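Enquirer: What follows is a structure written as structure tokens; I'll ask about it next.
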Amino acid sequence: MNAFIKAAEIWVPNHTESDRSSHLHAAASYYGELGHFAEISATMTFGYGEGLPGSAWQCGHPVLWSDLRSDRFKRSNFISDTGIDSGLAIPIFAGDFLQAVVVLFCGNPGTASGAVEIWQNDTQSPQQLNLMDGYYGVLEQFAAISRNMTIQQGESLPGKAWQLDQPLLLQNLANRHCFIRAHPAEECGLATGLALPYIDNHRNGHVVCLLSTLGTPIASQYEVWLPDGNQLKFHDGFAIDGSDLHQRYDGDQIERGEGQLGKVWLSGVPHLASRNLTAPILCLPVINAGRLSGIVRLVL
């Protein structure tokens, strides 16, 4: 099984500084076998607007760079032999305050079969989403269809996640009538989709979509946890090994501060664990207008 995500990072601002003179420092990372890239990354910091993490901080919304060989990517000289071709940066805000920036690096077009997209609402038509940027690996036909598409609020995977204001997982995309790209998804083998909505205080929306094939999955396990009053409960999930996650988490109720998911809920800061684990685990909070919409846990 090939991994679509080659590396993952969490960058956090200085705790002693609150303004834009702060810099982002690496808080956690996973690089697999990319040892040299890991060594270089460990020495770096990013200012406001600098590099991929700093750009997401400045923009205030997710950013996708499909070409990491340009000078704007500060580590462009060190990726030629990594299999990395694109990077997705997701800033996590609690209101106006940056909590962290999560960066996911994806494989190159020669081997990668999957897609990462960012949809944004159209300022001229506020109830519509247009594709802001996308990385599709070898899925050129699916890319062409997606780039010429407009999605209404509540329609398909990104529009529904935007309407619900919560993470949304869809399996078996080819047979989902609610997924308007079902036919091209079937042709290219896309099977699973995960949408993460990010909505600012002005109701401007961006939706990150991770679309996965079975041969090159975005993650080996997806979990969506949603707040229910004072507790966090399992909502949906999928594991490529066929495990029944609904049965595994049936009745589980997590309090704020309890376990890793509860700590992410309490702090609003994402968590990445990789040491002493067979696979790294990323816990990614979705926070909109200062309120937790859900937490996505990915086993990479």
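Residue numbering restarts at 1 for every chain of the structure tokens, chains are lettered A, B, ... in their displayed order, and ligands are numbered from 1 as they appear.
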Using only C-alpha atoms, which residues sit within 7 Å of Cys209 in chain A once same-chain residues fewer than 6 positions away are excluded, as a list in words?
Expert: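 What passes the distance filter is Val116, Glu117, Ile118, Pro158, Gly193, Leu194, Ala195 and Leu196 of chain A.
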Enquirer: Using only C-alpha atoms, determine which residues lie at most 9 Å from Leu164 in chain A, disregarding the query and same-chain residues fewer than 5 positions distant; provide the list as a list in words.
Expert: Gly154, Gly159 and Pro197 of chain A
Enquirer: Could you save those same residues with N, CA, C and O atoms as a compact mmCIF listing (two decimals), in the first residue's frame?
Expert:
```txt
# COMPACT_ATOMS: atom_id res chain seq x y z
N GLY A 154 -24.90 22.82 0.72
CA GLY A 154 -25.72 21.65 0.99
C GLY A 154 -25.61 20.57 -0.06
O GLY A 154 -26.20 19.49 0.11
N GLY A 159 -20.17 20.87 -0.11
CA GLY A 159 -21.32 21.73 0.18
C GLY A 159 -22.09 21.29 1.40
O GLY A 159 -22.61 22.12 2.17
N PRO A 197 -14.76 21.67 7.04
CA PRO A 197 -15.14 23.06 6.78
C PRO A 197 -14.45 24.02 7.76
O PRO A 197 -14.33 23.74 8.96
```
Enquirer: Kindly give the distance, in Å, that separates CA of Gly49 in chain A and CA of Leu298 in chain A, rounded to a single decimal.
Expert: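 These two atoms are separated by 27.5 Å.
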Enquirer: Determine the nearest neighbour of Gln141 in chain A from the options A:His25, A:Lys6, A:His177, A:His183, counting only C-alpha atoms.
Expert: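 Looking only at the distances to Gln141 in chain A, the closest residue turns out to be A:His183.
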Enquirer: Report as a ChimeraX atom specification all protein, DNA and RNA residues lying within 9 Å of Asp236 in chain A, evaluated on only C-alpha atoms, omitting residues in the same chain fewer than 3 positions from it.
Expert: /A:168-169,222-225,245-246
Enquirer: Quick check, in Å to one decimal: how far apart do CA of Val103 in chain A and CA of Ala89 in chain A lie?
Expert: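 Taking CA of Val103 in chain A as the start and CA of Ala89 in chain A as the end point, the length is 4.3 Å.
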Enquirer: Could you write out, as an MDAnalysis selection string, all the residues of range 92-290 of chain A that DSSP marks as strand (DSSP E or B)?
Expert: chainID A and resid 92:94 97:107 114:121 128:135 150:152 168:171 190:199 205:213 221:228 231:239 253:255 271:273 281:288
Enquirer: I need the residues of range 186-247 of chain A that end up classed as helix (DSSP H, G or I) by DSSP on the backbone, written out as JSON, numbers by chain.
Expert: {"A": [186, 187, 188, 245, 246, 247]}
Enquirer: Any idea what's packed within 9 Å of Leu292 in chain A, counting only C-alpha atoms, ignoring anything in its chain fewer than 5 positions away? Could you give it as number ranges by chain?
Expert: A: 94, 166, 226-227, 265, 268, 285-287
